[in-house]
$ cat coords.txt   # compact mmCIF, C-alpha atoms and all ligand atoms
# COMPACT_ATOMS: atom_id res chain seq x y z
CA MET A 1 97.95 263.13 184.65
CA VAL A 2 100.10 266.15 183.87
CA LYS A 3 101.32 267.16 180.42
CA GLN A 4 105.07 267.79 180.41
CA GLN A 5 107.62 268.72 177.75
CA LEU A 6 107.07 268.29 174.01
CA VAL A 7 108.99 265.25 172.78
CA TYR A 8 107.98 265.21 169.12
CA GLU A 9 106.00 267.29 166.66
CA GLY A 10 104.91 265.69 163.39
CA LYS A 11 102.72 266.88 160.53
CA ALA A 12 99.45 265.97 162.27
CA LYS A 13 100.26 265.45 165.97
CA ARG A 14 102.27 266.66 168.95
CA LEU A 15 103.58 264.19 171.55
CA TYR A 16 104.30 265.22 175.12
CA GLN A 17 105.83 263.40 178.04
CA THR A 18 103.60 262.99 181.12
CA ASP A 19 104.22 262.53 184.83
CA GLN A 20 103.48 258.82 184.29
CA GLU A 21 106.52 256.83 183.15
CA GLY A 22 106.09 255.35 179.67
CA VAL A 23 102.84 257.21 178.89
CA LEU A 24 102.72 259.92 176.22
CA TRP A 25 100.10 262.62 175.70
CA VAL A 26 99.07 263.01 172.05
CA GLU A 27 97.51 266.19 170.70
CA TYR A 28 95.93 265.99 167.25
CA LYS A 29 96.49 269.13 165.18
CA ASP A 30 94.22 270.83 162.66
CA SER A 31 96.90 270.85 159.98
CA ALA A 32 96.55 268.91 156.76
CA THR A 33 99.50 268.04 154.53
CA ALA A 34 99.80 265.99 151.36
CA PHE A 35 102.44 265.07 148.76
CA ASN A 36 105.29 265.04 151.31
CA ALA A 37 104.06 268.39 152.76
CA GLU A 38 104.03 270.19 149.38
CA LYS A 39 100.31 270.90 149.93
CA LYS A 40 99.42 272.32 153.35
CA ALA A 41 96.35 273.80 155.06
CA THR A 42 94.79 274.36 158.44
CA ILE A 43 91.36 272.74 158.66
CA ASN A 44 89.38 273.53 161.79
CA GLY A 45 88.02 270.40 163.42
CA LYS A 46 90.27 267.92 161.62
CA GLY A 47 92.27 267.12 164.77
CA ARG A 48 89.10 266.36 166.68
CA TYR A 49 87.70 264.02 164.01
CA ASN A 50 90.96 262.09 163.68
CA ASN A 51 91.37 261.75 167.45
CA GLU A 52 87.80 260.56 167.92
CA ILE A 53 87.85 258.17 164.94
CA SER A 54 91.28 256.74 165.78
CA SER A 55 90.26 256.26 169.43
CA LEU A 56 87.13 254.33 168.39
CA ILE A 57 89.11 252.13 166.00
CA PHE A 58 91.91 251.39 168.47
CA GLN A 59 89.34 250.42 171.12
CA LEU A 60 87.71 248.08 168.62
CA LEU A 61 91.07 246.48 167.77
CA GLN A 62 91.90 246.07 171.47
CA HIS A 63 88.54 244.34 171.88
CA TYR A 64 89.80 241.84 169.25
CA LYS A 65 93.06 241.39 171.26
CA ILE A 66 95.31 243.33 168.88
CA PRO A 67 98.14 244.74 171.04
CA THR A 68 98.16 248.52 170.59
CA HIS A 69 99.76 251.58 172.19
CA PHE A 70 96.35 253.15 172.92
CA VAL A 71 95.62 253.90 176.59
CA LYS A 72 92.55 256.16 176.47
CA GLN A 73 90.93 259.13 174.83
CA PHE A 74 91.59 262.11 177.05
CA SER A 75 89.63 264.92 175.39
CA LYS A 76 88.13 265.70 171.99
CA THR A 77 91.59 266.33 170.51
CA GLU A 78 93.85 264.40 172.90
CA GLN A 79 94.61 260.80 173.81
CA LEU A 80 97.12 258.92 175.97
CA VAL A 81 99.35 256.22 174.50
CA ARG A 82 102.12 253.94 175.68
CA GLU A 83 105.58 255.09 174.64
CA THR A 84 107.18 252.94 171.93
CA LYS A 85 110.20 253.09 169.68
CA ILE A 86 108.60 253.44 166.27
CA ILE A 87 109.81 251.02 163.59
CA PRO A 88 110.56 253.29 160.60
CA ILE A 89 108.27 251.55 158.12
CA GLU A 90 104.78 252.34 156.89
CA VAL A 91 102.80 249.16 156.32
CA VAL A 92 100.14 249.66 153.66
CA VAL A 93 97.33 247.13 153.22
CA ARG A 94 95.28 247.32 150.04
CA ASN A 95 91.96 245.70 149.14
CA VAL A 96 91.10 247.84 146.12
CA VAL A 97 93.52 249.51 143.69
CA ALA A 98 93.98 253.25 144.27
CA GLY A 99 96.63 255.95 144.63
CA SER A 100 100.27 254.96 144.18
CA LEU A 101 99.45 251.32 143.37
CA SER A 102 97.28 252.44 140.46
CA ARG A 103 100.09 254.71 139.20
CA ARG A 104 102.88 252.16 139.75
CA MET A 105 101.13 249.17 138.18
CA GLY A 106 98.96 250.95 135.61
CA ILE A 107 95.82 249.31 137.02
CA GLU A 108 92.59 251.30 137.03
CA GLU A 109 91.57 252.82 140.36
CA GLY A 110 88.66 250.88 141.86
CA THR A 111 89.82 247.46 140.63
CA VAL A 112 89.11 244.96 143.41
CA LEU A 113 92.20 242.90 144.35
CA SER A 114 91.70 239.12 144.47
CA LYS A 115 93.58 239.09 147.80
CA PRO A 116 94.91 241.87 150.05
CA VAL A 117 98.27 243.33 149.03
CA LEU A 118 100.76 244.26 151.75
CA GLU A 119 103.48 246.83 151.12
CA PHE A 120 106.31 248.30 153.17
CA TYR A 121 107.58 251.85 152.78
CA TYR A 122 110.74 253.16 154.43
CA LYS A 123 109.80 256.19 156.56
CA ASP A 124 112.25 258.81 155.34
CA ASP A 125 110.97 262.20 154.16
CA ASP A 126 114.25 263.05 152.37
CA LEU A 127 114.00 259.86 150.30
CA GLY A 128 110.23 260.33 149.77
CA ASP A 129 109.27 257.18 151.74
CA PRO A 130 110.41 254.58 149.13
CA LEU A 131 108.72 251.21 148.66
CA ILE A 132 110.99 248.51 150.12
CA ASN A 133 110.96 244.74 150.59
CA GLU A 134 112.07 242.40 153.38
CA ASP A 135 115.64 242.17 152.06
CA HIS A 136 115.92 245.96 152.25
CA MET A 137 114.53 245.87 155.80
CA ASN A 138 117.18 243.32 156.76
CA ILE A 139 120.00 245.36 155.21
CA LEU A 140 118.77 248.53 156.95
CA ASN A 141 118.36 246.64 160.24
CA ILE A 142 114.83 248.03 160.51
CA ALA A 143 113.17 244.97 162.00
CA SER A 144 114.00 241.37 162.79
CA GLN A 145 112.65 238.50 160.72
CA ASP A 146 110.36 237.60 163.61
CA GLU A 147 109.03 241.16 163.93
CA ILE A 148 108.33 241.30 160.18
CA LEU A 149 106.40 238.04 160.46
CA GLN A 150 104.39 239.39 163.41
CA ILE A 151 103.74 242.66 161.54
CA ARG A 152 102.44 240.77 158.48
CA LYS A 153 100.13 238.66 160.65
CA MET A 154 98.82 241.61 162.64
CA ALA A 155 98.28 243.72 159.51
CA ARG A 156 96.18 240.94 157.94
CA ASN A 157 94.15 240.48 161.13
CA ILE A 158 93.55 244.20 161.41
CA ASN A 159 92.44 244.27 157.77
CA ASP A 160 89.88 241.51 158.39
CA ILE A 161 88.49 243.29 161.48
CA LEU A 162 88.32 246.69 159.79
CA ILE A 163 86.81 245.45 156.50
CA ASN A 164 83.98 243.96 158.54
CA TYR A 165 83.54 247.05 160.75
CA PHE A 166 83.52 249.53 157.88
CA ASN A 167 81.25 247.26 155.90
CA LYS A 168 78.66 247.66 158.65
CA CYS A 169 79.02 251.43 158.14
CA ASP A 170 78.39 251.05 154.38
CA VAL A 171 81.99 252.01 153.78
CA ARG A 172 84.50 250.17 151.58
CA LEU A 173 87.96 249.92 153.14
CA VAL A 174 90.08 250.52 150.03
CA ASP A 175 93.49 250.73 151.71
CA PHE A 176 95.21 251.98 154.86
CA LYS A 177 98.55 252.56 156.49
CA LEU A 178 99.79 251.16 159.79
CA GLU A 179 102.79 251.89 161.98
CA PHE A 180 104.25 249.71 164.68
CA GLY A 181 106.46 250.34 167.70
CA ILE A 182 108.34 248.36 170.32
CA ASP A 183 107.55 249.09 173.98
CA HIS A 184 110.04 249.01 176.88
CA GLU A 185 109.40 245.28 177.37
CA GLY A 186 110.28 244.57 173.72
CA LYS A 187 106.64 243.95 172.78
CA LEU A 188 105.42 244.83 169.28
CA LEU A 189 102.45 247.20 169.39
CA LEU A 190 100.26 248.81 166.77
CA ALA A 191 101.03 252.53 167.08
CA ASP A 192 100.28 255.92 165.47
CA GLU A 193 96.68 256.38 164.27
CA ILE A 194 94.01 254.86 162.03
CA SER A 195 91.80 257.62 160.67
CA PRO A 196 90.54 259.04 157.36
CA ASP A 197 94.02 260.63 157.12
CA THR A 198 95.58 257.17 156.89
CA CYS A 199 92.86 255.16 155.12
CA ARG A 200 90.97 255.33 151.86
CA LEU A 201 87.28 255.00 152.66
CA TRP A 202 84.62 254.99 149.96
CA ASP A 203 80.87 254.96 150.36
CA ILE A 204 79.81 251.44 149.42
CA ALA A 205 76.93 252.52 147.18
CA THR A 206 78.32 255.62 145.46
CA ASN A 207 82.13 255.27 145.81
CA GLN A 208 82.13 258.83 147.24
CA LYS A 209 85.51 259.47 148.86
CA LEU A 210 85.29 260.00 152.63
CA ASP A 211 89.00 260.35 153.39
CA LYS A 212 92.07 262.53 152.88
CA ASP A 213 91.85 262.22 149.08
CA VAL A 214 89.13 264.90 149.41
CA PHE A 215 91.95 267.26 150.47
CA ARG A 216 94.68 265.79 148.23
CA ARG A 217 92.49 266.14 145.14
CA GLY A 218 90.57 269.27 146.24
CA ILE A 219 87.16 267.62 145.73
CA GLY A 220 85.00 268.94 148.57
CA SER A 221 84.90 269.52 152.29
CA LEU A 222 87.30 267.37 154.30
CA THR A 223 85.47 268.00 157.56
CA ASP A 224 82.12 266.98 156.04
CA ALA A 225 83.70 263.70 154.91
CA TYR A 226 85.34 263.01 158.28
CA ALA A 227 82.16 263.96 160.16
CA GLU A 228 80.26 261.44 158.03
CA ILE A 229 82.73 258.67 158.91
CA LEU A 230 82.60 259.50 162.63
CA GLN A 231 78.81 259.52 162.64
CA ARG A 232 78.59 256.15 160.86
CA LEU A 233 81.18 254.57 163.20
CA LYS A 234 79.30 255.83 166.26
CA GLU A 235 75.99 254.49 164.95
CA VAL A 236 77.48 251.02 164.38
CA ASN A 237 79.31 251.14 167.72
CA GLN A 238 75.99 251.49 169.55
CA HIS A 239 74.95 248.10 168.18
CA VAL A 240 78.28 246.27 168.81
O1 LIG B 301 99.55 256.96 148.38
P1 LIG B 301 99.25 255.50 148.52
O2 LIG B 301 98.28 254.99 147.53
O3 LIG B 301 100.51 254.66 148.55
O4 LIG B 301 98.58 255.34 149.98
C1 LIG B 301 98.09 254.10 150.44
C2 LIG B 301 97.37 254.32 151.77
O5 LIG B 301 98.28 254.68 152.79
C3 LIG B 301 96.33 255.46 151.74
O6 LIG B 301 95.23 255.09 152.55
C4 LIG B 301 97.06 256.63 152.35
O7 LIG B 301 96.17 257.52 152.99
C5 LIG B 301 97.96 255.94 153.36
N1 LIG B 301 99.22 256.66 153.57
C6 LIG B 301 99.44 257.31 154.77
N2 LIG B 301 100.62 257.98 155.00
C7 LIG B 301 101.57 258.01 154.07
C8 LIG B 301 101.37 257.36 152.83
C9 LIG B 301 100.16 256.69 152.61
O8 LIG B 301 98.59 257.29 155.67
N3 LIG B 301 102.71 258.65 154.31

$ encode --input "coords.txt" --output "structure tokens"
Amino acid sequence: MVKQQLVYEGKAKRLYQTDQEGVLWVEYKDSATAFNAEKKATINGKGRYNNEISSLIFQLLQHYKIPTHFVKQFSKTEQLVRETKIIPIEVVVRNVVAGSLSRRMGIEEGTVLSKPVLEFYYKDDDLGDPLINEDHMNILNIASQDEILQIRKMARNINDILINYFNKCDVRLVDFKLEFGIDHEGKLLLADEISPDTCRLWDIATNQKLDKDVFRRGIGSLTDAYAEILQRLKEVNQHV
């Protein structure tokens, strides 16, 4: 496998073409951004933790027959994925109130939701990724009715699998963000990453934050938090 030209550089990753048709090479970066890139930093080791954690989680989801873009982990900071056309929505699943839901609804952070809440955000930095609904998605031609249905179903399945997995790690899965893409055969795949950058993860006993809120809120060492998550996932993985 040979890394070829850069096709995309985002806030946390670089994507390269490879000599294999339809396979992209992903490099996780050490940069951290928050609040639509208003807060930025370089954090040594962050790329490695996110790559390792996301690789473990995608392998777990594949084990449960969730179709994903993940091919394999290639090195500590790199992985191979199938090329997809990313649907420009961020799908957020929430089990416990936190972050923007707490601000928008005036509900105290930490309130447990009686059932998971699913939200869609339109991926557009200039607009600040607004919250949208299915009617907006139809108007914007973002996804077909059938794709939205599949996305909802997959997001709920993924939530069930991950709640259980993190529970075994003594971690509460508060909320997380998913992205989906369409491959060259028109198949819907889970794409992007699932890591402490894209989830809220609280220690089950103490509610200590073990995710990107540590950076957003400046409340400790991000790498210590991510290292803790990776270690707990690895320990549970040995017994799966
Ligand atoms: O900020 P908010 O409360 O809406 O975030 C919900 C979840 O989605 C959090 O886990 C956050 O880390 C994730 N998220 C993300 N990328 C974004 C926005 C939110 O990974 N652009």

$ residues_near_ligand --input "coords.txt" --ligand "ligand LIG 301 (chain B)" --cutoff "6 Å" --atoms "all atoms listed in the file" --output "list of chain:residue names"
A:Val92, A:Ala98, A:Gly99, A:Ser100, A:Leu101, A:Asp175, A:Phe176, A:Lys177, A:Asp197, A:Thr198, A:Cys199, A:Arg200

$ residues_around --input "coords.txt" --residues "A:Ala155" --least-positions-apart "3" --cutoff "9 Å" --atoms "only C-alpha atoms" --output "JSON, numbers by chain"
{"A": [91, 92, 93, 118, 150, 151, 152, 158, 159, 160, 178]}

$ atom_distance --input "coords.txt" --atom1 "atom CA of A:Asp224" --atom2 "atom CA of A:Asn164"
23.2 Å

$ residues_near_point --input "coords.txt" --point "(88.8, 274.1, 160.3)" --cutoff "12 Å" --atoms "all atoms listed in the file" --output "PyMOL selection string"
chain A and resi 29-32+41-49+221-224+226

$ closest_residue --input "coords.txt" --among "A:Gln231, A:Gln208, A:Ser144, A:Thr68" --to "A:Glu83" --atoms "all atoms listed in the file"
A:Thr68

$ closest_residue --input "coords.txt" --among "A:Gly186, A:Gly128, A:Gly181, A:Pro67" --to "A:Pro88" --atoms "all atoms listed in the file"
A:Gly181

$ residues_around --input "coords.txt" --residues "A:Lys40" --least-positions-apart "4" --cutoff "10 Å" --atoms "only C-alpha atoms" --output "number ranges by chain"
A: 11, 31-36, 215-216

$ closest_residue --input "coords.txt" --among "A:Ile161, A:Ile182, A:Ile229, A:Ile86" --to "A:Gln62" --atoms "only C-alpha atoms"
A:Ile161

$ closest_residue --input "coords.txt" --among "A:Asp19, A:Glu185, A:Glu38, A:Glu228" --to "A:Gln5" --atoms "all atoms listed in the file"
A:Asp19

$ axis_aligned_box --input "coords.txt" --around "stretch 148-159 of chain A" --padding-each-side "3 Å" --output "JSON"
{"center_x": 100.4, "center_y": 241.2, "center_z": 160.6, "size_x": 21.9, "size_y": 12.2, "size_z": 11.6}

$ residues_around --input "coords.txt" --residues "A:Leu113" --least-positions-apart "6" --cutoff "10 Å" --atoms "only C-alpha atoms" --output "number ranges by chain"
A: 94-97, 174

$ write_last_selection --input "coords.txt" --atoms "C-alpha atoms" --output "PDB file, in the frame of the given file"
ATOM      1  CA  ARG A  94      95.280 247.320 150.040  1.00  0.00           C
ATOM      2  CA  ASN A  95      91.960 245.700 149.140  1.00  0.00           C
ATOM      3  CA  VAL A  96      91.100 247.840 146.120  1.00  0.00           C
ATOM      4  CA  VAL A  97      93.520 249.510 143.690  1.00  0.00           C
ATOM      5  CA  VAL A 174      90.080 250.520 150.030  1.00  0.00           C
TER       6      VAL A 174
END

$ atom_distance --input "coords.txt" --atom1 "atom CA of A:Asp124" --atom2 "atom CA of A:Arg103"
20.6 Å

$ closest_residue --input "coords.txt" --among "A:Tyr64, A:Phe70, A:Tyr122, A:Phe180" --to "A:Tyr165" --atoms "all atoms listed in the file"
A:Tyr64

$ residues_near_point --input "coords.txt" --point "(111.1, 263.4, 178.0)" --cutoff "12 Å" --atoms "all atoms listed in the file" --output "ChimeraX atom specification"
/A:3-8,15-25,83

$ closest_residue --input "coords.txt" --among "A:Ser54, A:Glu90, A:Tyr28, A:Lys85" --to "A:Lys72" --atoms "all atoms listed in the file"
A:Ser54

$ atom_distance --input "coords.txt" --atom1 "atom CA of A:Val112" --atom2 "atom CA of A:Leu162"
16.5 Å

$ build_atoms --input "coords.txt" --residues "stretch 195-218 of chain A" --atoms "N, CA, C and O atoms" --output "PDB file, in the frame of the given file"
ATOM      1  N   SER A 195      92.816 256.568 160.827  1.00  0.00           N
ATOM      2  CA  SER A 195      91.800 257.620 160.670  1.00  0.00           C
ATOM      3  C   SER A 195      91.599 257.871 159.170  1.00  0.00           C
ATOM      4  O   SER A 195      92.325 257.289 158.358  1.00  0.00           O
ATOM      5  N   PRO A 196      90.689 258.762 158.796  1.00  0.00           N
ATOM      6  CA  PRO A 196      90.540 259.040 157.360  1.00  0.00           C
ATOM      7  C   PRO A 196      91.793 259.704 156.749  1.00  0.00           C
ATOM      8  O   PRO A 196      91.914 259.792 155.539  1.00  0.00           O
ATOM      9  N   ASP A 197      92.731 260.134 157.620  1.00  0.00           N
ATOM     10  CA  ASP A 197      94.020 260.630 157.120  1.00  0.00           C
ATOM     11  C   ASP A 197      94.892 259.487 156.623  1.00  0.00           C
ATOM     12  O   ASP A 197      95.783 259.691 155.806  1.00  0.00           O
ATOM     13  N   THR A 198      94.674 258.283 157.168  1.00  0.00           N
ATOM     14  CA  THR A 198      95.580 257.170 156.890  1.00  0.00           C
ATOM     15  C   THR A 198      94.889 256.001 156.171  1.00  0.00           C
ATOM     16  O   THR A 198      95.492 254.944 156.012  1.00  0.00           O
ATOM     17  N   CYS A 199      93.622 256.219 155.823  1.00  0.00           N
ATOM     18  CA  CYS A 199      92.860 255.160 155.120  1.00  0.00           C
ATOM     19  C   CYS A 199      92.235 255.766 153.863  1.00  0.00           C
ATOM     20  O   CYS A 199      91.993 256.971 153.817  1.00  0.00           O
ATOM     21  N   ARG A 200      91.907 254.905 152.910  1.00  0.00           N
ATOM     22  CA  ARG A 200      90.970 255.330 151.860  1.00  0.00           C
ATOM     23  C   ARG A 200      89.645 254.664 152.162  1.00  0.00           C
ATOM     24  O   ARG A 200      89.586 253.430 152.312  1.00  0.00           O
ATOM     25  N   LEU A 201      88.606 255.479 152.267  1.00  0.00           N
ATOM     26  CA  LEU A 201      87.280 255.000 152.660  1.00  0.00           C
ATOM     27  C   LEU A 201      86.265 255.515 151.649  1.00  0.00           C
ATOM     28  O   LEU A 201      86.128 256.732 151.488  1.00  0.00           O
ATOM     29  N   TRP A 202      85.599 254.583 150.974  1.00  0.00           N
ATOM     30  CA  TRP A 202      84.620 254.990 149.960  1.00  0.00           C
ATOM     31  C   TRP A 202      83.233 254.525 150.382  1.00  0.00           C
ATOM     32  O   TRP A 202      83.066 253.394 150.873  1.00  0.00           O
ATOM     33  N   ASP A 203      82.256 255.377 150.130  1.00  0.00           N
ATOM     34  CA  ASP A 203      80.870 254.960 150.360  1.00  0.00           C
ATOM     35  C   ASP A 203      80.580 253.737 149.494  1.00  0.00           C
ATOM     36  O   ASP A 203      80.899 253.731 148.294  1.00  0.00           O
ATOM     37  N   ILE A 204      79.978 252.725 150.113  1.00  0.00           N
ATOM     38  CA  ILE A 204      79.810 251.440 149.420  1.00  0.00           C
ATOM     39  C   ILE A 204      78.887 251.549 148.195  1.00  0.00           C
ATOM     40  O   ILE A 204      79.117 250.903 147.170  1.00  0.00           O
ATOM     41  N   ALA A 205      77.896 252.429 148.276  1.00  0.00           N
ATOM     42  CA  ALA A 205      76.930 252.520 147.180  1.00  0.00           C
ATOM     43  C   ALA A 205      77.403 253.457 146.074  1.00  0.00           C
ATOM     44  O   ALA A 205      77.235 253.162 144.891  1.00  0.00           O
ATOM     45  N   THR A 206      78.022 254.574 146.461  1.00  0.00           N
ATOM     46  CA  THR A 206      78.320 255.620 145.460  1.00  0.00           C
ATOM     47  C   THR A 206      79.803 255.761 145.142  1.00  0.00           C
ATOM     48  O   THR A 206      80.174 256.510 144.239  1.00  0.00           O
ATOM     49  N   ASN A 207      80.668 255.104 145.933  1.00  0.00           N
ATOM     50  CA  ASN A 207      82.130 255.270 145.810  1.00  0.00           C
ATOM     51  C   ASN A 207      82.591 256.685 146.168  1.00  0.00           C
ATOM     52  O   ASN A 207      83.732 257.054 145.877  1.00  0.00           O
ATOM     53  N   GLN A 208      81.722 257.483 146.805  1.00  0.00           N
ATOM     54  CA  GLN A 208      82.130 258.830 147.240  1.00  0.00           C
ATOM     55  C   GLN A 208      83.307 258.696 148.203  1.00  0.00           C
ATOM     56  O   GLN A 208      83.301 257.844 149.099  1.00  0.00           O
ATOM     57  N   LYS A 209      84.327 259.532 148.003  1.00  0.00           N
ATOM     58  CA  LYS A 209      85.510 259.470 148.860  1.00  0.00           C
ATOM     59  C   LYS A 209      85.243 260.166 150.179  1.00  0.00           C
ATOM     60  O   LYS A 209      84.806 261.324 150.203  1.00  0.00           O
ATOM     61  N   LEU A 210      85.533 259.453 151.286  1.00  0.00           N
ATOM     62  CA  LEU A 210      85.290 260.000 152.630  1.00  0.00           C
ATOM     63  C   LEU A 210      86.602 259.977 153.414  1.00  0.00           C
ATOM     64  O   LEU A 210      86.646 259.526 154.555  1.00  0.00           O
ATOM     65  N   ASP A 211      87.668 260.441 152.792  1.00  0.00           N
ATOM     66  CA  ASP A 211      89.000 260.350 153.390  1.00  0.00           C
ATOM     67  C   ASP A 211      89.862 261.511 152.897  1.00  0.00           C
ATOM     68  O   ASP A 211      89.366 262.411 152.223  1.00  0.00           O
ATOM     69  N   LYS A 212      91.170 261.415 153.178  1.00  0.00           N
ATOM     70  CA  LYS A 212      92.070 262.530 152.880  1.00  0.00           C
ATOM     71  C   LYS A 212      92.217 262.835 151.383  1.00  0.00           C
ATOM     72  O   LYS A 212      92.696 263.908 151.014  1.00  0.00           O
ATOM     73  N   ASP A 213      91.821 261.911 150.520  1.00  0.00           N
ATOM     74  CA  ASP A 213      91.850 262.220 149.080  1.00  0.00           C
ATOM     75  C   ASP A 213      90.978 263.436 148.761  1.00  0.00           C
ATOM     76  O   ASP A 213      91.221 264.119 147.760  1.00  0.00           O
ATOM     77  N   VAL A 214      89.979 263.708 149.601  1.00  0.00           N
ATOM     78  CA  VAL A 214      89.130 264.900 149.410  1.00  0.00           C
ATOM     79  C   VAL A 214      90.025 266.150 149.454  1.00  0.00           C
ATOM     80  O   VAL A 214      89.873 267.074 148.648  1.00  0.00           O
ATOM     81  N   PHE A 215      90.999 266.147 150.367  1.00  0.00           N
ATOM     82  CA  PHE A 215      91.950 267.260 150.470  1.00  0.00           C
ATOM     83  C   PHE A 215      93.028 267.167 149.385  1.00  0.00           C
ATOM     84  O   PHE A 215      93.312 268.151 148.693  1.00  0.00           O
ATOM     85  N   ARG A 216      93.603 265.947 149.222  1.00  0.00           N
ATOM     86  CA  ARG A 216      94.680 265.790 148.230  1.00  0.00           C
ATOM     87  C   ARG A 216      94.215 266.255 146.853  1.00  0.00           C
ATOM     88  O   ARG A 216      94.929 266.930 146.126  1.00  0.00           O
ATOM     89  N   ARG A 217      92.984 265.868 146.502  1.00  0.00           N
ATOM     90  CA  ARG A 217      92.490 266.140 145.140  1.00  0.00           C
ATOM     91  C   ARG A 217      91.620 267.391 145.058  1.00  0.00           C
ATOM     92  O   ARG A 217      91.151 267.742 143.975  1.00  0.00           O
ATOM     93  N   GLY A 218      91.376 268.046 146.232  1.00  0.00           N
ATOM     94  CA  GLY A 218      90.570 269.270 146.240  1.00  0.00           C
ATOM     95  C   GLY A 218      89.160 269.024 145.732  1.00  0.00           C
ATOM     96  O   GLY A 218      88.661 269.740 144.851  1.00  0.00           O
TER      97      GLY A 218
END
